[in-house]
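Trainee: Just one file: upload-v1.pdb, with PDB, C-alpha atoms and all ligand atoms.
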MODEL        1
ATOM      1  CA  MET A   1      -3.810 -17.277  -0.403  1.00  0.00           C
ATOM      2  CA  ALA A   2      -2.783 -14.694   2.098  1.00  0.00           C
ATOM      3  CA  ILE A   3      -4.710 -12.141   4.062  1.00  0.00           C
ATOM      4  CA  LEU A   4      -2.527  -9.136   4.762  1.00  0.00           C
ATOM      5  CA  PRO A   5      -2.814  -6.625   7.617  1.00  0.00           C
ATOM      6  CA  ILE A   6      -4.406  -3.314   6.588  1.00  0.00           C
ATOM      7  CA  ASN A   7      -2.711  -0.061   7.603  1.00  0.00           C
ATOM      8  CA  THR A   8      -4.912   2.495   9.317  1.00  0.00           C
ATOM      9  CA  PHE A   9      -5.008   6.283   9.414  1.00  0.00           C
ATOM     10  CA  PRO A  10      -2.715   8.090  10.277  1.00  0.00           C
ATOM     11  CA  ASP A  11      -0.001   5.577   9.207  1.00  0.00           C
ATOM     12  CA  ALA A  12       2.642   7.321   7.073  1.00  0.00           C
ATOM     13  CA  VAL A  13       2.393   4.841   4.178  1.00  0.00           C
ATOM     14  CA  LEU A  14      -1.160   6.068   3.532  1.00  0.00           C
ATOM     15  CA  ARG A  15       0.254   9.550   2.988  1.00  0.00           C
ATOM     16  CA  GLN A  16       2.864   8.655   0.384  1.00  0.00           C
ATOM     17  CA  ARG A  17       2.488   8.567  -3.381  1.00  0.00           C
ATOM     18  CA  ALA A  18       2.772   5.045  -4.774  1.00  0.00           C
ATOM     19  CA  GLU A  19       5.236   4.380  -7.607  1.00  0.00           C
ATOM     20  CA  GLU A  20       4.393   3.267 -11.158  1.00  0.00           C
ATOM     21  CA  VAL A  21       4.624  -0.495 -11.702  1.00  0.00           C
ATOM     22  CA  ALA A  22       7.142  -1.508 -14.391  1.00  0.00           C
ATOM     23  CA  ASP A  23       7.470  -5.268 -13.877  1.00  0.00           C
ATOM     24  CA  PHE A  24       4.482  -7.393 -14.821  1.00  0.00           C
ATOM     25  CA  ASP A  25       5.832 -10.568 -13.304  1.00  0.00           C
ATOM     26  CA  ALA A  26       4.900 -13.439 -10.998  1.00  0.00           C
ATOM     27  CA  ALA A  27       5.461 -11.227  -7.938  1.00  0.00           C
ATOM     28  CA  LEU A  28       2.788  -8.809  -9.207  1.00  0.00           C
ATOM     29  CA  GLU A  29       0.392 -11.707  -9.768  1.00  0.00           C
ATOM     30  CA  ARG A  30       0.970 -12.899  -6.203  1.00  0.00           C
ATOM     31  CA  LEU A  31       0.467  -9.400  -4.838  1.00  0.00           C
ATOM     32  CA  VAL A  32      -2.833  -8.954  -6.701  1.00  0.00           C
ATOM     33  CA  SER A  33      -4.051 -12.352  -5.526  1.00  0.00           C
ATOM     34  CA  ASP A  34      -3.209 -11.476  -1.893  1.00  0.00           C
ATOM     35  CA  MET A  35      -4.858  -8.047  -2.250  1.00  0.00           C
ATOM     36  CA  LEU A  36      -8.068  -9.664  -3.523  1.00  0.00           C
ATOM     37  CA  ASP A  37      -8.050 -12.174  -0.638  1.00  0.00           C
ATOM     38  CA  THR A  38      -7.545  -9.292   1.805  1.00  0.00           C
ATOM     39  CA  MET A  39     -10.318  -7.180   0.228  1.00  0.00           C
ATOM     40  CA  TYR A  40     -12.870 -10.018   0.274  1.00  0.00           C
ATOM     41  CA  ASP A  41     -11.908 -10.969   3.818  1.00  0.00           C
ATOM     42  CA  ALA A  42     -12.271  -7.400   5.164  1.00  0.00           C
ATOM     43  CA  PRO A  43     -14.832  -7.221   3.457  1.00  0.00           C
ATOM     44  CA  GLY A  44     -14.423  -4.157   1.258  1.00  0.00           C
ATOM     45  CA  VAL A  45     -15.240  -3.154  -2.311  1.00  0.00           C
ATOM     46  CA  GLY A  46     -11.748  -1.860  -3.060  1.00  0.00           C
ATOM     47  CA  LEU A  47      -8.160  -1.947  -1.807  1.00  0.00           C
ATOM     48  CA  ALA A  48      -5.054  -0.003  -2.833  1.00  0.00           C
ATOM     49  CA  ALA A  49      -1.491  -1.281  -2.320  1.00  0.00           C
ATOM     50  CA  ASN A  50      -0.713   1.579   0.114  1.00  0.00           C
ATOM     51  CA  GLN A  51      -3.256   0.065   2.476  1.00  0.00           C
ATOM     52  CA  ILE A  52      -1.163  -3.087   2.850  1.00  0.00           C
ATOM     53  CA  GLY A  53       2.034  -1.059   3.160  1.00  0.00           C
ATOM     54  CA  LEU A  54       3.311  -1.221  -0.426  1.00  0.00           C
ATOM     55  CA  LEU A  55       3.966   1.906  -2.488  1.00  0.00           C
ATOM     56  CA  MET A  56       2.966   0.417  -5.853  1.00  0.00           C
ATOM     57  CA  ARG A  57       0.259   1.790  -8.142  1.00  0.00           C
ATOM     58  CA  VAL A  58      -2.016  -1.262  -7.875  1.00  0.00           C
ATOM     59  CA  ALA A  59      -5.672  -1.319  -6.836  1.00  0.00           C
ATOM     60  CA  VAL A  60      -8.325  -4.038  -6.779  1.00  0.00           C
ATOM     61  CA  ILE A  61     -12.068  -3.387  -6.887  1.00  0.00           C
ATOM     62  CA  ASP A  62     -15.205  -5.542  -6.808  1.00  0.00           C
ATOM     63  CA  VAL A  63     -18.513  -3.689  -6.719  1.00  0.00           C
ATOM     64  CA  ASP A  64     -20.631  -6.729  -7.604  1.00  0.00           C
ATOM     65  CA  TYR A  65     -20.176  -9.507  -5.053  1.00  0.00           C
ATOM     66  CA  GLU A  66     -22.359 -10.447  -2.116  1.00  0.00           C
ATOM     67  CA  ILE A  67     -21.567 -12.391   1.022  1.00  0.00           C
ATOM     68  CA  GLU A  68     -23.760 -15.408   1.665  1.00  0.00           C
ATOM     69  CA  SER A  69     -24.756 -16.420   5.177  1.00  0.00           C
ATOM     70  CA  ASP A  70     -22.327 -14.101   6.948  1.00  0.00           C
ATOM     71  CA  GLU A  71     -24.648 -13.902   9.957  1.00  0.00           C
ATOM     72  CA  GLU A  72     -24.279 -17.549  10.986  1.00  0.00           C
ATOM     73  CA  ASN A  73     -20.591 -17.613  10.258  1.00  0.00           C
ATOM     74  CA  THR A  74     -19.357 -18.096  13.798  1.00  0.00           C
ATOM     75  CA  ASP A  75     -17.170 -21.155  13.226  1.00  0.00           C
ATOM     76  CA  PRO A  76     -13.894 -21.103  11.268  1.00  0.00           C
ATOM     77  CA  ALA A  77     -15.599 -22.307   8.066  1.00  0.00           C
ATOM     78  CA  PRO A  78     -14.717 -20.006   5.183  1.00  0.00           C
ATOM     79  CA  ARG A  79     -17.241 -17.356   4.277  1.00  0.00           C
ATOM     80  CA  LYS A  80     -19.202 -17.932   1.075  1.00  0.00           C
ATOM     81  CA  TYR A  81     -19.429 -15.315  -1.652  1.00  0.00           C
ATOM     82  CA  LYS A  82     -21.567 -15.013  -4.741  1.00  0.00           C
ATOM     83  CA  GLY A  83     -21.209 -12.981  -7.901  1.00  0.00           C
ATOM     84  CA  LYS A  84     -17.519 -12.153  -7.504  1.00  0.00           C
ATOM     85  CA  ASN A  85     -16.280  -9.819 -10.229  1.00  0.00           C
ATOM     86  CA  PRO A  86     -12.703  -8.848  -9.330  1.00  0.00           C
ATOM     87  CA  ARG A  87     -11.166  -5.959 -11.256  1.00  0.00           C
ATOM     88  CA  VAL A  88      -7.461  -5.149 -11.199  1.00  0.00           C
ATOM     89  CA  PHE A  89      -6.063  -1.706 -12.024  1.00  0.00           C
ATOM     90  CA  VAL A  90      -2.319  -1.256 -12.450  1.00  0.00           C
ATOM     91  CA  ASN A  91      -1.065   2.320 -12.962  1.00  0.00           C
ATOM     92  CA  PRO A  92      -4.611   3.742 -13.209  1.00  0.00           C
ATOM     93  CA  VAL A  93      -5.010   7.335 -14.386  1.00  0.00           C
ATOM     94  CA  ILE A  94      -8.320   9.192 -14.332  1.00  0.00           C
ATOM     95  CA  THR A  95      -8.409  11.112 -17.597  1.00  0.00           C
ATOM     96  CA  LYS A  96     -11.891  12.633 -17.336  1.00  0.00           C
ATOM     97  CA  ARG A  97     -14.362  13.386 -14.534  1.00  0.00           C
ATOM     98  CA  THR A  98     -17.994  14.279 -15.259  1.00  0.00           C
ATOM     99  CA  GLY A  99     -20.647  15.612 -12.875  1.00  0.00           C
ATOM    100  CA  ALA A 100     -20.597  15.815  -9.085  1.00  0.00           C
ATOM    101  CA  THR A 101     -22.431  13.897  -6.386  1.00  0.00           C
ATOM    102  CA  PRO A 102     -22.112  13.417  -2.639  1.00  0.00           C
ATOM    103  CA  PHE A 103     -21.475   9.793  -1.680  1.00  0.00           C
ATOM    104  CA  LYS A 104     -21.287   8.393   1.851  1.00  0.00           C
ATOM    105  CA  GLU A 105     -17.911   6.659   1.919  1.00  0.00           C
ATOM    106  CA  GLY A 106     -16.011   4.529   4.325  1.00  0.00           C
ATOM    107  CA  CYS A 107     -12.469   3.228   4.132  1.00  0.00           C
ATOM    108  CA  LEU A 108     -10.832   0.028   5.407  1.00  0.00           C
ATOM    109  CA  SER A 109      -7.996   2.275   6.643  1.00  0.00           C
ATOM    110  CA  VAL A 110     -10.365   4.603   8.536  1.00  0.00           C
ATOM    111  CA  PRO A 111     -12.648   1.923   9.983  1.00  0.00           C
ATOM    112  CA  GLY A 112     -15.945   2.896  11.537  1.00  0.00           C
ATOM    113  CA  PHE A 113     -16.272   6.350   9.951  1.00  0.00           C
ATOM    114  CA  TYR A 114     -18.615   7.184   7.102  1.00  0.00           C
ATOM    115  CA  GLU A 115     -18.898  10.665   5.620  1.00  0.00           C
ATOM    116  CA  ASP A 116     -20.276  12.322   2.507  1.00  0.00           C
ATOM    117  CA  VAL A 117     -17.541  13.014  -0.029  1.00  0.00           C
ATOM    118  CA  LYS A 118     -18.095  14.986  -3.219  1.00  0.00           C
ATOM    119  CA  ARG A 119     -17.151  12.794  -6.184  1.00  0.00           C
ATOM    120  CA  ALA A 120     -17.534  12.855  -9.952  1.00  0.00           C
ATOM    121  CA  VAL A 121     -20.505  10.814 -11.214  1.00  0.00           C
ATOM    122  CA  GLU A 122     -18.619   9.309 -14.167  1.00  0.00           C
ATOM    123  CA  VAL A 123     -14.923   8.851 -14.861  1.00  0.00           C
ATOM    124  CA  ASP A 124     -12.757   7.727 -17.745  1.00  0.00           C
ATOM    125  CA  VAL A 125      -9.743   5.688 -16.658  1.00  0.00           C
ATOM    126  CA  THR A 126      -6.657   4.421 -18.446  1.00  0.00           C
ATOM    127  CA  TYR A 127      -4.909   1.513 -16.732  1.00  0.00           C
ATOM    128  CA  GLN A 128      -2.885  -1.623 -17.308  1.00  0.00           C
ATOM    129  CA  ASP A 129      -3.955  -5.163 -16.527  1.00  0.00           C
ATOM    130  CA  ILE A 130      -1.832  -7.739 -14.732  1.00  0.00           C
ATOM    131  CA  LYS A 131      -0.018  -8.596 -17.990  1.00  0.00           C
ATOM    132  CA  GLY A 132       0.784  -4.948 -18.764  1.00  0.00           C
ATOM    133  CA  THR A 133      -1.788  -4.441 -21.527  1.00  0.00           C
ATOM    134  CA  THR A 134      -3.288  -0.941 -21.541  1.00  0.00           C
ATOM    135  CA  HIS A 135      -7.081  -0.474 -21.378  1.00  0.00           C
ATOM    136  CA  THR A 136      -9.488   2.418 -21.103  1.00  0.00           C
ATOM    137  CA  LEU A 137     -12.737   2.259 -19.150  1.00  0.00           C
ATOM    138  CA  HIS A 138     -15.750   4.529 -18.784  1.00  0.00           C
ATOM    139  CA  ALA A 139     -17.088   3.954 -15.268  1.00  0.00           C
ATOM    140  CA  THR A 140     -20.344   5.007 -13.600  1.00  0.00           C
ATOM    141  CA  GLY A 141     -22.070   4.301 -10.285  1.00  0.00           C
ATOM    142  CA  LEU A 142     -20.165   2.684  -7.428  1.00  0.00           C
ATOM    143  CA  LEU A 143     -17.319   1.657  -9.749  1.00  0.00           C
ATOM    144  CA  ALA A 144     -16.689   5.339 -10.589  1.00  0.00           C
ATOM    145  CA  ILE A 145     -16.693   6.225  -6.872  1.00  0.00           C
ATOM    146  CA  ALA A 146     -14.375   3.319  -6.028  1.00  0.00           C
ATOM    147  CA  LEU A 147     -11.900   4.290  -8.760  1.00  0.00           C
ATOM    148  CA  GLN A 148     -11.689   7.861  -7.441  1.00  0.00           C
ATOM    149  CA  HIS A 149     -11.226   6.565  -3.871  1.00  0.00           C
ATOM    150  CA  GLU A 150      -8.465   4.084  -4.874  1.00  0.00           C
ATOM    151  CA  VAL A 151      -6.574   6.535  -7.113  1.00  0.00           C
ATOM    152  CA  ASP A 152      -6.667   8.956  -4.162  1.00  0.00           C
ATOM    153  CA  HIS A 153      -5.009   6.224  -2.045  1.00  0.00           C
ATOM    154  CA  LEU A 154      -2.273   5.762  -4.655  1.00  0.00           C
ATOM    155  CA  ASP A 155      -1.648   9.521  -4.491  1.00  0.00           C
ATOM    156  CA  GLY A 156      -1.404   9.395  -0.685  1.00  0.00           C
ATOM    157  CA  ARG A 157      -4.865  10.888  -0.158  1.00  0.00           C
ATOM    158  CA  LEU A 158      -7.674   9.634   2.076  1.00  0.00           C
ATOM    159  CA  PHE A 159     -11.390  10.385   1.971  1.00  0.00           C
ATOM    160  CA  VAL A 160     -11.024  12.356   5.207  1.00  0.00           C
ATOM    161  CA  ASP A 161      -8.892  14.849   3.247  1.00  0.00           C
ATOM    162  CA  HIS A 162     -12.102  15.885   1.500  1.00  0.00           C
ATOM    163  CA  LEU A 163     -13.608  16.854   4.898  1.00  0.00           C
ATOM    164  CA  SER A 164     -13.018  19.933   7.041  1.00  0.00           C
ATOM    165  CA  PRO A 165      -9.746  20.009   9.052  1.00  0.00           C
ATOM    166  CA  ILE A 166     -11.699  19.908  12.330  1.00  0.00           C
ATOM    167  CA  LYS A 167     -13.651  16.823  11.329  1.00  0.00           C
ATOM    168  CA  ARG A 168     -10.472  15.190  10.055  1.00  0.00           C
ATOM    169  CA  SER A 169      -8.515  15.664  13.284  1.00  0.00           C
ATOM    170  CA  LEU A 170     -11.491  14.473  15.304  1.00  0.00           C
ATOM    171  CA  ILE A 171     -11.638  11.275  13.243  1.00  0.00           C
ATOM    172  CA  GLN A 172      -7.855  10.856  13.513  1.00  0.00           C
ATOM    173  CA  SER A 173      -7.862  10.952  17.296  1.00  0.00           C
ATOM    174  CA  LYS A 174     -10.820   8.560  17.481  1.00  0.00           C
ATOM    175  CA  VAL A 175      -9.201   6.075  15.068  1.00  0.00           C
ATOM    176  CA  LYS A 176      -5.993   6.153  17.123  1.00  0.00           C
ATOM    177  CA  LYS A 177      -7.925   5.461  20.300  1.00  0.00           C
ATOM    178  CA  GLU A 178     -10.039   2.694  18.776  1.00  0.00           C
ATOM    179  CA  ARG A 179      -7.032   1.007  17.197  1.00  0.00           C
ATOM    180  CA  ALA A 180      -6.101  -0.264  20.665  1.00  0.00           C
ATOM    181  CA  ARG A 181      -9.421  -1.917  21.427  1.00  0.00           C
ATOM    182  CA  GLY A 182     -10.677  -3.025  18.009  1.00  0.00           C
ATOM    183  CA  PHE A 183     -12.968  -1.244  15.613  1.00  0.00           C
ATOM    184  CA  GLU A 184     -16.717  -1.331  15.400  1.00  0.00           C
ATOM    185  CA  ARG A 185     -17.628  -1.366  11.740  1.00  0.00           C
ATOM    186  CA  SER A 186     -20.885  -0.913   9.903  1.00  0.00           C
ATOM    187  CA  LYS A 187     -22.492  -3.543   7.706  1.00  0.00           C
ATOM    188  CA  PHE A 188     -24.566  -0.878   6.032  1.00  0.00           C
ATOM    189  CA  HIS A 189     -21.903   1.300   4.476  1.00  0.00           C
ATOM    190  CA  VAL A 190     -19.364   0.941   1.730  1.00  0.00           C
ATOM    191  CA  GLU A 191     -15.705   0.582   2.664  1.00  0.00           C
ATOM    192  CA  LEU A 192     -13.005   0.919   0.028  1.00  0.00           C
TER
HETATM  193 ZN    ZN B 201      -9.891   3.480   1.369  1.00  0.00          ZN
ENDMDL
END
Let's see the structure in the file written out as structure tokens.
Mentor:
Amino acid sequence: MAILPINTFPDAVLRQRAEEVADFDAALERLVSDMLDTMYDAPGVGLAANQIGLLMRVAVIDVDYEIESDEENTDPAPRKYKGKNPRVFVNPVITKRTGATPFKEGCLSVPGFYEDVKRAVEVDVTYQDIKGTTHTLHATGLLAIALQHEVDHLDGRLFVDHLSPIKRSLIQSKVKKERARGFERSKFHVEL
């Protein structure tokens, strides 16, 4: 188990396109396990490999879990979770997008900022699992949003790229400033 540091905007690795994964080996299994630990620790509902500094087309998502008794968790005892449903997407490709909806998104790499982004309501995705087997998935709801957000990451795109240039540069300068003194994050928004 390893919790990895998460890169924040405007780090260059978040701007690069991740490479297709060809080796479905023990190293990939370790990476996915560490990414899940990092996502649950953050906590977030999704994490792409770019966010931990690796240019590999790997993303993890869990839109189902809840954190138990986070409020009283002031000692080093591990946090408790319920209903974990980890999903792993290797080399995901969105093949179809249907509908459009605004969704208030946050990102573990742009901590503390939440903005409406226009996303498709439903997506079809082709991806490989950790063993290299290909699957297709029709996703709706938060899973559809998360998939679009994570595939954006793998293409070097952030949710702030869907905003106006003025808003984006404002957020960039604030993130840079806050990086030095620690971020204030919201419990009431979704971070991916
Ligand atoms: Zn993100």
Trainee: Decode the PyMOL selection byres (((not hetatm)) within 6 of (chain B and resi 201)) for the given file into explicit residues and return them as a PDB file with C-alpha atoms, keeping the file's coordinate frame.
Mentor:
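Below is the file that was written, out29.pdb:
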ATOM      1  CA  CYS A 107     -12.469   3.228   4.132  1.00  0.00           C
ATOM      2  CA  LEU A 108     -10.832   0.028   5.407  1.00  0.00           C
ATOM      3  CA  SER A 109      -7.996   2.275   6.643  1.00  0.00           C
ATOM      4  CA  LEU A 192     -13.005   0.919   0.028  1.00  0.00           C
TER       5      LEU A 192
END
Trainee: Please identify all polymer residues within 10 Å of Met35 of chain A, counting all atoms listed in the file, omitting same-chain residues fewer than 5 positions from it, and present them as JSON, numbers by chain.
Mentor: {"A": [1, 2, 3, 4, 29, 30, 40, 41, 46, 47, 48, 49, 51, 52, 58, 59, 60, 61, 88]}
Trainee: Box for segment 28-32 of chain A - axis-aligned, 6 Å on each of the six sides, all listed atoms - centre and size in Å to one decimal, as JSON.
Mentor:
{"center_x": 0.0, "center_y": -10.9, "center_z": -7.3, "size_x": 17.6, "size_y": 16.1, "size_z": 16.9}
Trainee: Between atom CA of Gln128 of chain A and atom CA of Pro92 of chain A, what is the distance, to one decimal in Å?
Mentor: 7.0 Å
Trainee: Restricting the calculation to all atoms listed in the file, which member of A:Tyr65, A:Tyr81, A:Phe9, A:Phe103 is positioned closest to Asp161 of chain A?
Mentor: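 With all atoms listed in the file as the atom set, the closest residue is A:Phe9.
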Trainee: Considering all atoms listed in the file, state which residue in the set A:Pro10, A:Pro102, A:Gly53, A:Pro43 is at the smallest distance from Ile171 of chain A.
Mentor: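 Looking at the shortest contact to Ile171 of chain A, the residue is A:Pro10.
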Trainee: Give the answer as one residue: which of A:Glu68, A:Asp129, A:Asp124, A:Asp62 has the shortest atom-to-atom distance to Val190 of chain A, using all atoms listed in the file?
Mentor: A:Asp62
Trainee: Rounded to one decimal place, report the atom CA of Lys176 of chain A-atom CA of Lys104 of chain A distance in Å.
Mentor: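 Between atom CA of Lys176 of chain A and atom CA of Lys104 of chain A the gap is 21.7 Å.
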Trainee: Counting all atoms listed in the file, which residue out of A:Ile94, A:Leu170, A:Thr133, A:Glu178 sits closest to Leu147 of chain A?
Mentor: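 Looking at the shortest contact to Leu147 of chain A, the residue is A:Ile94.
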Trainee: At what distance in Å, to one decimal, does atom CA of Arg15 of chain A lie from atom CA of Thr134 of chain A?
Mentor: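 Rounded to one decimal, the two atoms are 26.9 Å apart.
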Trainee: Using the chain letters and numbers from this file, what does the PyMOL selection byres (((chain A and resi 122) around 12) and not hetatm) select? Give the answer as a list in words.
Mentor: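 What the PyMOL selection byres (((chain A and resi 122) around 12) and not hetatm) grabs from the file is Ile94, Thr95, Lys96, Arg97, Thr98, Gly99, Ala100, Thr101, Arg119, Ala120, Val121, Val123, Asp124, Val125, Leu137, His138, Ala139, Thr140, Gly141, Leu142, Leu143, Ala144, Ile145, Ala146, Leu147 and Gln148 of chain A.
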Trainee: On this structure, which residues satisfy the PyMOL selection byres (((chain A and resi 83) around 8) and not hetatm), written as a ChimeraX atom specification?
Mentor: /A:64-66,81-82,84-85
Trainee: Nearest to Lys167 of chain A among A:Phe113, A:Gly182, A:Asn91, A:Lys118, with distances taken over only C-alpha atoms: which residue is it?
Mentor: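 The closest residue to Lys167 of chain A is A:Phe113.
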Trainee: Could you check which of A:Ile67, A:Ala27, A:Met56, A:Val45 is closest to Glu105 of chain A, using all atoms listed in the file?
Mentor: A:Val45
Trainee: Is it possible to add N, CA and C atoms to segment 73-93 of chain A and hand it back as a compact mmCIF listing (two decimals), keeping the file's coordinate frame?
Mentor:
# COMPACT_ATOMS: atom_id res chain seq x y z
N ASN A 73 -21.98 -17.19 10.41
CA ASN A 73 -20.59 -17.61 10.26
C ASN A 73 -19.80 -17.40 11.55
N THR A 74 -20.05 -18.26 12.53
CA THR A 74 -19.36 -18.10 13.80
C THR A 74 -18.22 -19.10 13.96
N ASP A 75 -18.27 -20.18 13.15
CA ASP A 75 -17.17 -21.16 13.23
C ASP A 75 -16.10 -20.78 12.20
N PRO A 76 -14.98 -21.50 12.18
CA PRO A 76 -13.89 -21.10 11.27
C PRO A 76 -14.13 -21.46 9.80
N ALA A 77 -15.32 -21.98 9.47
CA ALA A 77 -15.60 -22.31 8.07
C ALA A 77 -15.47 -21.05 7.22
N PRO A 78 -14.91 -21.21 6.00
CA PRO A 78 -14.72 -20.01 5.18
C PRO A 78 -16.05 -19.39 4.78
N ARG A 79 -16.06 -18.09 4.72
CA ARG A 79 -17.24 -17.36 4.28
C ARG A 79 -17.56 -17.70 2.83
N LYS A 80 -18.84 -17.66 2.47
CA LYS A 80 -19.20 -17.93 1.08
C LYS A 80 -19.57 -16.63 0.38
N TYR A 81 -19.15 -16.51 -0.86
CA TYR A 81 -19.43 -15.32 -1.65
C TYR A 81 -20.20 -15.70 -2.89
N LYS A 82 -20.99 -14.76 -3.42
CA LYS A 82 -21.57 -15.01 -4.74
C LYS A 82 -21.41 -13.78 -5.62
N GLY A 83 -21.30 -14.05 -6.91
CA GLY A 83 -21.21 -12.98 -7.90
C GLY A 83 -19.91 -12.20 -7.88
N LYS A 84 -18.81 -12.86 -7.52
CA LYS A 84 -17.52 -12.15 -7.50
C LYS A 84 -17.16 -11.65 -8.90
N ASN A 85 -16.69 -10.42 -8.96
CA ASN A 85 -16.28 -9.82 -10.23
C ASN A 85 -15.04 -8.95 -9.98
N PRO A 86 -13.90 -9.61 -9.69
CA PRO A 86 -12.70 -8.85 -9.33
C PRO A 86 -12.13 -8.06 -10.50
N ARG A 87 -11.79 -6.80 -10.23
CA ARG A 87 -11.17 -5.96 -11.26
C ARG A 87 -9.81 -5.51 -10.72
N VAL A 88 -8.82 -5.52 -11.59
CA VAL A 88 -7.46 -5.15 -11.20
C VAL A 88 -7.03 -3.94 -12.02
N PHE A 89 -6.51 -2.92 -11.35
CA PHE A 89 -6.06 -1.71 -12.02
C PHE A 89 -4.60 -1.45 -11.67
N VAL A 90 -3.74 -1.56 -12.66
CA VAL A 90 -2.32 -1.26 -12.45
C VAL A 90 -2.04 0.08 -13.15
N ASN A 91 -1.38 0.97 -12.46
CA ASN A 91 -1.06 2.32 -12.96
C ASN A 91 -2.30 3.06 -13.48
N PRO A 92 -3.40 3.07 -12.71
CA PRO A 92 -4.61 3.74 -13.21
C PRO A 92 -4.47 5.26 -13.22
N VAL A 93 -5.01 5.87 -14.28
CA VAL A 93 -5.01 7.34 -14.39
C VAL A 93 -6.42 7.76 -14.77
